[in-house]
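Student: Sharing a structure, written as structure tokens. Questions coming.
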Amino acid sequence: MTALAEIYTIPQEHLDFSETIRQIARERIAPRAAEIDERAEYPHDLRALLSEQDILALPFETEHGGTGTGTLMLNMAVEEIAKACASTALILMIQELGTLPIKLFGTPALQQRFLPRCATGEWSPAFALSEPDAGSDPGGMLTRAVREGEEWVINGAKNWITNLGVADFYIVFAVTNREAGHSRGITAFVVEADRPGFSVGKLEHKLGIRGSPTGQPIFEDVRVPAENVIGEVNAGFKVAMATLDRSRLGVAAQALGIAQGATDYASAYARERRQFGQPINAFQAIQFKLADMETQCAAGRELLYQACAKVDRGDPDLGKYSAMAKLFCSDVAMRTTVEAVQVLGGYGYVKDYPVERMLRDAKITQIYEGTNEIQRLVIARTMS
Ligand code: COS
């Protein structure tokens, strides 16, 4: 059993920084959220804001120009931003997802080349694992890389890639030894967006998270030097899995932010909205909904913080806990946003109010960085 002292503690500086981010989110991000969604616009201005405020430095160690404040602080920040705008929270999440492979497995030279310029927010990455026919089963990917002298030549197409067209570099997983068998002969590479042969393919029109471009990067005879290999040749599947074990907490935090944002909005609305001569929060039908929403958010937060502490300590069961946090918080996000729309009634269903956007944004958290069915698989495997 875990001793009580080992669960987690939140340093005062984390709480203070989180409060600062909450204010920034409320004053500068929330007012932009509806138009970002409406226009499906990548918010360059808000990325600049996150960078100025040192928020994009949160995923990085001090030696790489980061804050060195760890996973818990990072995900407290993701939650605060997602309360206001889930698309903007994804800017911070991807800053972690697309750099974790280099942080965990890259050579010091690779780390120095890429991490400091991501910590300032100058560069933004993308994580290119999924393909049109390899989503839940990335071990079945078709993208391939062949060694020619001191270079690798990459061919293939990826799918569902966040930051398509915005990213300065892509972490690309490719088969380098087909004979090794499913998920074994895969290698991770850094591919800069200005390499000849790289192109931006189809961009998706999405239900939610519309302020973040998603789509298909294409690699046609793209040449990268051997120094761009991340970790060992043919050990790329483990690079992907170890990354997702940590980055899934970003999805959990984003989902929790959406859930708490919807709960707070519905609660404030229910105080003001009057029917039958009284505010609707005087009715038990509404009180019970709000109480359940608040309780689910609180439960999700405990699991998320516990999982973040496990990542920061390097506990052996961190992957199980990040899968549980992602699974639980994303389901909470769906349930609470559906209920928030119900509390607002007809007003919840129209774009003059933010809860319908929150409902649309919530859905992807049950799907990306591993569907919730995959999370259950990851959790169940640890139990046998
Ligand atoms: N950390 C490190 N290594 C891991 C690992 C982890 N969390 N999980 C698996 N591995 C290793 C295994 O130990 C095995 O190593 P060996 O080759 O030395 O035996 C290798 O990776 C293959 O593992 P396994 O056989 O379990 O792979 P599967 O193809 O069965 O895949 C799941 C397992 C389903 C967990 C994996 O495919 C997965 O996570 N799918 C979802 C992918 C995803 O999240 N996609 C979203 C797109 S990214 S935004």
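Chain labels A, B, ... are given in the sequence in which chains occur in the structure tokens; within each chain residues are numbered consecutively from 1, and ligands are likewise numbered from 1 in the order shown.
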Which protein, DNA or RNA residues have an atom within 6 Å of ligand 1, counting only C-alpha atoms and all ligand atoms, as a VMD selection string?

Tutor: chain A and resid 129 to 130 135 to 139 183 to 184 237 to 238 241 to 242 245 368 to 370 374 378

Student: Pull N, CA, C and O atoms from the residues just selected and write them as a compact mmCIF listing (two decimals), in the first residue's frame.

Tutor:
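Saved result, selection-v9.txt, follows:
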```
# COMPACT_ATOMS: atom_id res chain seq x y z
N LEU A 129 2.59 9.66 -34.85
CA LEU A 129 2.59 8.20 -34.65
C LEU A 129 1.49 7.54 -35.48
O LEU A 129 1.75 6.61 -36.24
N SER A 130 0.25 8.04 -35.34
CA SER A 130 -0.90 7.40 -35.99
C SER A 130 -0.85 7.51 -37.51
O SER A 130 -0.27 8.45 -38.05
N GLY A 135 -4.15 3.24 -35.85
CA GLY A 135 -4.50 4.20 -34.81
C GLY A 135 -4.27 3.58 -33.44
O GLY A 135 -3.23 3.79 -32.81
N SER A 136 -5.22 2.74 -33.00
CA SER A 136 -5.03 2.04 -31.72
C SER A 136 -3.88 1.05 -31.80
O SER A 136 -3.30 0.69 -30.77
N ASP A 137 -3.57 0.63 -33.01
CA ASP A 137 -2.49 -0.36 -33.20
C ASP A 137 -1.31 0.26 -33.96
O ASP A 137 -1.08 -0.04 -35.13
N PRO A 138 -0.56 1.15 -33.29
CA PRO A 138 0.53 1.83 -34.01
C PRO A 138 1.63 0.88 -34.46
O PRO A 138 2.38 1.19 -35.39
N GLY A 139 1.71 -0.30 -33.83
CA GLY A 139 2.71 -1.30 -34.23
C GLY A 139 2.50 -1.77 -35.66
O GLY A 139 3.40 -2.34 -36.27
N SER A 183 5.45 -4.08 -34.15
CA SER A 183 5.88 -3.11 -33.12
C SER A 183 7.37 -3.20 -32.73
O SER A 183 7.82 -2.44 -31.89
N ARG A 184 8.13 -4.08 -33.34
CA ARG A 184 9.53 -4.24 -32.89
C ARG A 184 10.54 -3.43 -33.70
O ARG A 184 11.36 -2.74 -33.12
N PHE A 237 9.24 1.98 -30.74
CA PHE A 237 7.91 1.72 -30.17
C PHE A 237 7.91 2.03 -28.67
O PHE A 237 6.96 2.60 -28.14
N LYS A 238 9.02 1.71 -28.02
CA LYS A 238 9.12 2.01 -26.58
C LYS A 238 9.20 3.52 -26.34
O LYS A 238 8.72 4.01 -25.33
N MET A 241 5.58 4.57 -26.48
CA MET A 241 4.79 4.12 -25.32
C MET A 241 5.18 4.89 -24.05
O MET A 241 4.32 5.30 -23.28
N ALA A 242 6.49 5.08 -23.85
CA ALA A 242 6.93 5.80 -22.64
C ALA A 242 6.47 7.26 -22.69
O ALA A 242 6.13 7.85 -21.65
N ASP A 245 2.72 7.28 -21.88
CA ASP A 245 2.51 7.01 -20.45
C ASP A 245 2.50 8.31 -19.65
O ASP A 245 1.88 8.38 -18.59
N TYR A 368 -8.35 10.79 -28.17
CA TYR A 368 -6.94 10.93 -28.56
C TYR A 368 -5.95 10.52 -27.47
O TYR A 368 -6.32 10.34 -26.34
N GLU A 369 -4.70 10.33 -27.92
CA GLU A 369 -3.62 9.75 -27.10
C GLU A 369 -4.02 8.38 -26.52
O GLU A 369 -3.66 8.03 -25.41
N GLY A 370 -4.77 7.66 -27.32
CA GLY A 370 -5.25 6.33 -26.94
C GLY A 370 -6.70 6.40 -26.54
O GLY A 370 -7.05 7.12 -25.60
N ILE A 374 -8.49 1.58 -25.17
CA ILE A 374 -7.07 1.25 -25.03
C ILE A 374 -6.59 1.50 -23.59
O ILE A 374 -5.81 0.73 -23.04
N VAL A 378 -4.66 -1.08 -21.13
CA VAL A 378 -3.39 -0.80 -20.44
C VAL A 378 -3.54 -1.07 -18.94
O VAL A 378 -2.68 -1.70 -18.30
```

Student: Which residues are close to A:Ala145, i.e. within 8 Å by only C-alpha atoms, leaving aside same-chain residues fewer than 3 positions away? Reply as a list of chain:residue names.

Tutor: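 Listed by chain and then number, they are A:Trp152, A:Val153, A:Ile154, A:Asn155, A:Ala174, A:Val175, A:Thr176.
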
Student: Using only C-alpha atoms, please write the residues we just selected to a file, as a PDB file, in the first residue's frame.

Tutor:
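Done, and the output landed in out_15.pdb:
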```pdb
ATOM      1  CA  TRP A 152      17.746   7.971 -43.385  1.00  0.00           C
ATOM      2  CA  VAL A 153      15.144   8.288 -46.124  1.00  0.00           C
ATOM      3  CA  ILE A 154      11.562   8.411 -44.865  1.00  0.00           C
ATOM      4  CA  ASN A 155       8.411   7.627 -46.873  1.00  0.00           C
ATOM      5  CA  ALA A 174       8.835   4.657 -39.036  1.00  0.00           C
ATOM      6  CA  VAL A 175       9.491   0.971 -39.668  1.00  0.00           C
ATOM      7  CA  THR A 176      13.218   0.356 -40.064  1.00  0.00           C
TER       8      THR A 176
END
```

Student: Env of stretch 88-95 of chain A: 8 Å cut, atoms = only C-alpha atoms, seq-sep filter 5 positions within chain, self excluded. Answer as a list in words.

Tutor: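 Returned residues: Ile29, Pro43, Leu46, Arg47, Ile55, Leu56, Pro59, Val78, Glu79, Ile81, Ala82, Cys118, Ser124, Pro125, Ala126, Phe127, Thr162, Asn163, Gly211, Ser212, Ser247, Gly250, Val251 and Gln254 of chain A.
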
Student: Okay, now the selection with N, CA, C and O atoms, as a short mmCIF file (atom, residue, chain, number, x, y, z; two decimals), in the first residue's frame?

Tutor:
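And here's selection_8.cif as it stands now:
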```cif
data_model
loop_
_atom_site.label_atom_id
_atom_site.label_comp_id
_atom_site.auth_asym_id
_atom_site.auth_seq_id
_atom_site.Cartn_x
_atom_site.Cartn_y
_atom_site.Cartn_z
N ILE A 29 -7.82 34.72 -22.13
CA ILE A 29 -8.07 33.56 -23.01
C ILE A 29 -9.57 33.33 -23.20
O ILE A 29 -10.04 33.19 -24.34
N PRO A 43 -4.73 30.10 -32.47
CA PRO A 43 -4.54 31.39 -31.80
C PRO A 43 -3.07 31.76 -31.60
O PRO A 43 -2.52 31.58 -30.51
N LEU A 46 -2.46 33.93 -28.58
CA LEU A 46 -2.48 33.28 -27.25
C LEU A 46 -1.24 32.41 -27.05
O LEU A 46 -0.74 32.27 -25.94
N ARG A 47 -0.71 31.87 -28.14
CA ARG A 47 0.57 31.15 -28.02
C ARG A 47 1.66 32.14 -27.57
O ARG A 47 2.46 31.82 -26.69
N ILE A 55 4.73 30.11 -19.56
CA ILE A 55 3.88 28.92 -19.38
C ILE A 55 4.35 27.80 -20.31
O ILE A 55 4.32 26.62 -19.94
N LEU A 56 4.86 28.16 -21.49
CA LEU A 56 5.34 27.13 -22.41
C LEU A 56 6.68 26.54 -21.94
O LEU A 56 7.14 25.54 -22.50
N PRO A 59 6.99 22.42 -19.44
CA PRO A 59 7.36 21.01 -19.63
C PRO A 59 8.87 20.73 -19.55
O PRO A 59 9.26 19.58 -19.68
N VAL A 78 -2.40 23.23 -17.40
CA VAL A 78 -3.27 22.76 -18.49
C VAL A 78 -4.74 22.86 -18.04
O VAL A 78 -5.60 23.33 -18.78
N GLU A 79 -5.02 22.44 -16.81
CA GLU A 79 -6.41 22.51 -16.33
C GLU A 79 -6.93 23.94 -16.35
O GLU A 79 -8.04 24.21 -16.83
N ILE A 81 -6.03 26.52 -18.11
CA ILE A 81 -6.23 27.06 -19.47
C ILE A 81 -7.46 26.39 -20.11
O ILE A 81 -8.28 27.04 -20.75
N ALA A 82 -7.59 25.07 -19.91
CA ALA A 82 -8.71 24.34 -20.52
C ALA A 82 -10.06 24.76 -19.98
O ALA A 82 -11.08 24.63 -20.66
N CYS A 118 11.89 25.29 -27.76
CA CYS A 118 10.49 24.97 -27.44
C CYS A 118 10.13 25.59 -26.09
O CYS A 118 8.99 26.03 -25.88
N SER A 124 7.41 24.98 -32.00
CA SER A 124 6.38 24.07 -31.51
C SER A 124 6.51 22.74 -32.26
O SER A 124 6.79 22.74 -33.46
N PRO A 125 6.33 21.63 -31.58
CA PRO A 125 6.53 20.32 -32.21
C PRO A 125 5.22 19.64 -32.62
O PRO A 125 4.14 20.17 -32.38
N ALA A 126 5.35 18.46 -33.23
CA ALA A 126 4.20 17.59 -33.46
C ALA A 126 4.66 16.15 -33.23
O ALA A 126 5.85 15.84 -33.37
N PHE A 127 3.71 15.30 -32.85
CA PHE A 127 4.00 13.90 -32.53
C PHE A 127 3.27 13.06 -33.57
O PHE A 127 2.04 13.00 -33.57
N THR A 162 -1.87 16.52 -34.55
CA THR A 162 -2.09 17.86 -33.97
C THR A 162 -0.94 18.78 -34.37
O THR A 162 0.22 18.35 -34.36
N ASN A 163 -1.25 20.03 -34.66
CA ASN A 163 -0.24 21.04 -34.99
C ASN A 163 0.23 20.93 -36.43
O ASN A 163 1.27 21.52 -36.79
N GLY A 211 -9.72 25.11 -32.77
CA GLY A 211 -8.63 26.08 -32.88
C GLY A 211 -7.26 25.43 -33.01
O GLY A 211 -6.24 26.11 -32.95
N SER A 212 -7.24 24.12 -33.16
CA SER A 212 -5.97 23.41 -33.29
C SER A 212 -6.00 22.60 -34.59
O SER A 212 -6.87 21.74 -34.77
N SER A 247 2.34 11.70 -21.31
CA SER A 247 1.57 12.78 -21.93
C SER A 247 0.06 12.60 -21.75
O SER A 247 -0.69 13.56 -21.87
N GLY A 250 -1.73 15.02 -19.69
CA GLY A 250 -2.14 16.30 -20.28
C GLY A 250 -3.59 16.22 -20.74
O GLY A 250 -4.38 17.15 -20.55
N VAL A 251 -3.95 15.09 -21.34
CA VAL A 251 -5.34 14.91 -21.78
C VAL A 251 -6.28 14.87 -20.57
O VAL A 251 -7.36 15.47 -20.57
N GLN A 254 -6.64 18.40 -19.38
CA GLN A 254 -7.48 19.17 -20.30
C GLN A 254 -8.96 18.81 -20.07
O GLN A 254 -9.83 19.68 -19.99
#
```

Student: Would you work out the distance separating atom CA of A:Ala325 from atom CA of A:Gln375, expressed in Å to one decimal?

Tutor: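 Separation of atom CA of A:Ala325 and atom CA of A:Gln375: 9.4 Å.
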
Student: Could you go through stretch 309-382 of chain A and tell me which residues DSSP, when run on the backbone, assigns to helix (DSSP H, G or I), listing them as a PyMOL selection string?

Tutor: chain A and resi 309-313+318-349+355-366+372-381

Student: Write the selection just made, keeping C-alpha atoms, as a compact mmCIF listing (two decimals), in the first residue's frame?

Tutor:
```txt
# COMPACT_ATOMS: atom_id res chain seq x y z
CA ALA A 309 3.25 12.72 -8.57
CA LYS A 310 3.97 9.17 -9.75
CA VAL A 311 5.46 10.51 -12.99
CA ASP A 312 7.56 13.05 -11.07
CA ARG A 313 8.84 10.30 -8.76
CA LEU A 318 3.00 5.55 -13.52
CA GLY A 319 1.62 4.23 -16.85
CA LYS A 320 -1.29 2.51 -15.12
CA TYR A 321 -2.15 5.69 -13.19
CA SER A 322 -1.89 7.99 -16.18
CA ALA A 323 -4.22 5.66 -18.11
CA MET A 324 -6.66 5.67 -15.17
CA ALA A 325 -6.54 9.47 -14.86
CA LYS A 326 -7.09 9.94 -18.60
CA LEU A 327 -9.94 7.42 -18.67
CA PHE A 328 -11.70 8.84 -15.62
CA CYS A 329 -11.27 12.56 -16.32
CA SER A 330 -12.35 12.27 -19.96
CA ASP A 331 -15.50 10.37 -18.99
CA VAL A 332 -16.16 13.05 -16.35
CA ALA A 333 -15.72 15.72 -19.03
CA MET A 334 -18.39 14.11 -21.20
CA ARG A 335 -20.85 13.56 -18.35
CA THR A 336 -20.47 17.04 -16.86
CA THR A 337 -20.67 18.92 -20.14
CA VAL A 338 -23.85 17.04 -21.11
CA GLU A 339 -25.31 18.01 -17.72
CA ALA A 340 -24.13 21.62 -18.05
CA VAL A 341 -26.05 21.91 -21.33
CA GLN A 342 -29.09 20.47 -19.52
CA VAL A 343 -28.83 23.01 -16.68
CA LEU A 344 -28.84 25.85 -19.23
CA GLY A 345 -31.69 24.22 -21.18
CA GLY A 346 -32.27 25.85 -24.57
CA TYR A 347 -29.55 28.41 -23.83
CA GLY A 348 -27.10 25.54 -23.38
CA TYR A 349 -27.73 24.39 -26.93
CA VAL A 355 -21.25 25.03 -22.74
CA GLU A 356 -22.13 23.56 -26.16
CA ARG A 357 -18.50 24.24 -27.21
CA MET A 358 -17.28 22.58 -24.03
CA LEU A 359 -19.42 19.52 -24.84
CA ARG A 360 -17.96 19.34 -28.36
CA ASP A 361 -14.41 19.88 -27.08
CA ALA A 362 -14.82 17.19 -24.39
CA LYS A 363 -15.46 14.32 -26.82
CA ILE A 364 -11.94 14.10 -28.23
CA THR A 365 -10.49 13.52 -24.75
CA GLN A 366 -12.09 10.05 -24.81
CA ASN A 372 -10.54 4.94 -23.52
CA GLU A 373 -10.88 1.32 -24.64
CA ILE A 374 -7.07 1.25 -25.03
CA GLN A 375 -6.67 2.85 -21.58
CA ARG A 376 -8.77 0.03 -20.09
CA LEU A 377 -6.52 -2.46 -21.86
CA VAL A 378 -3.39 -0.80 -20.44
CA ILE A 379 -4.89 -0.82 -16.93
CA ALA A 380 -6.19 -4.40 -17.14
CA ARG A 381 -2.78 -5.69 -18.29
```

Student: What does the distance between atom CA of A:Glu220 and atom CA of A:Leu142 come to in Å, to one decimal place?

Tutor: 13.2 Å

Student: Give the answer as one residue: which of A:Pro279, A:Gly65, A:Pro101, A:Pro217 has the shortest atom-to-atom distance to A:Ala119, using only C-alpha atoms?

Tutor: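 For A:Ala119, the nearest of the candidates is A:Gly65.
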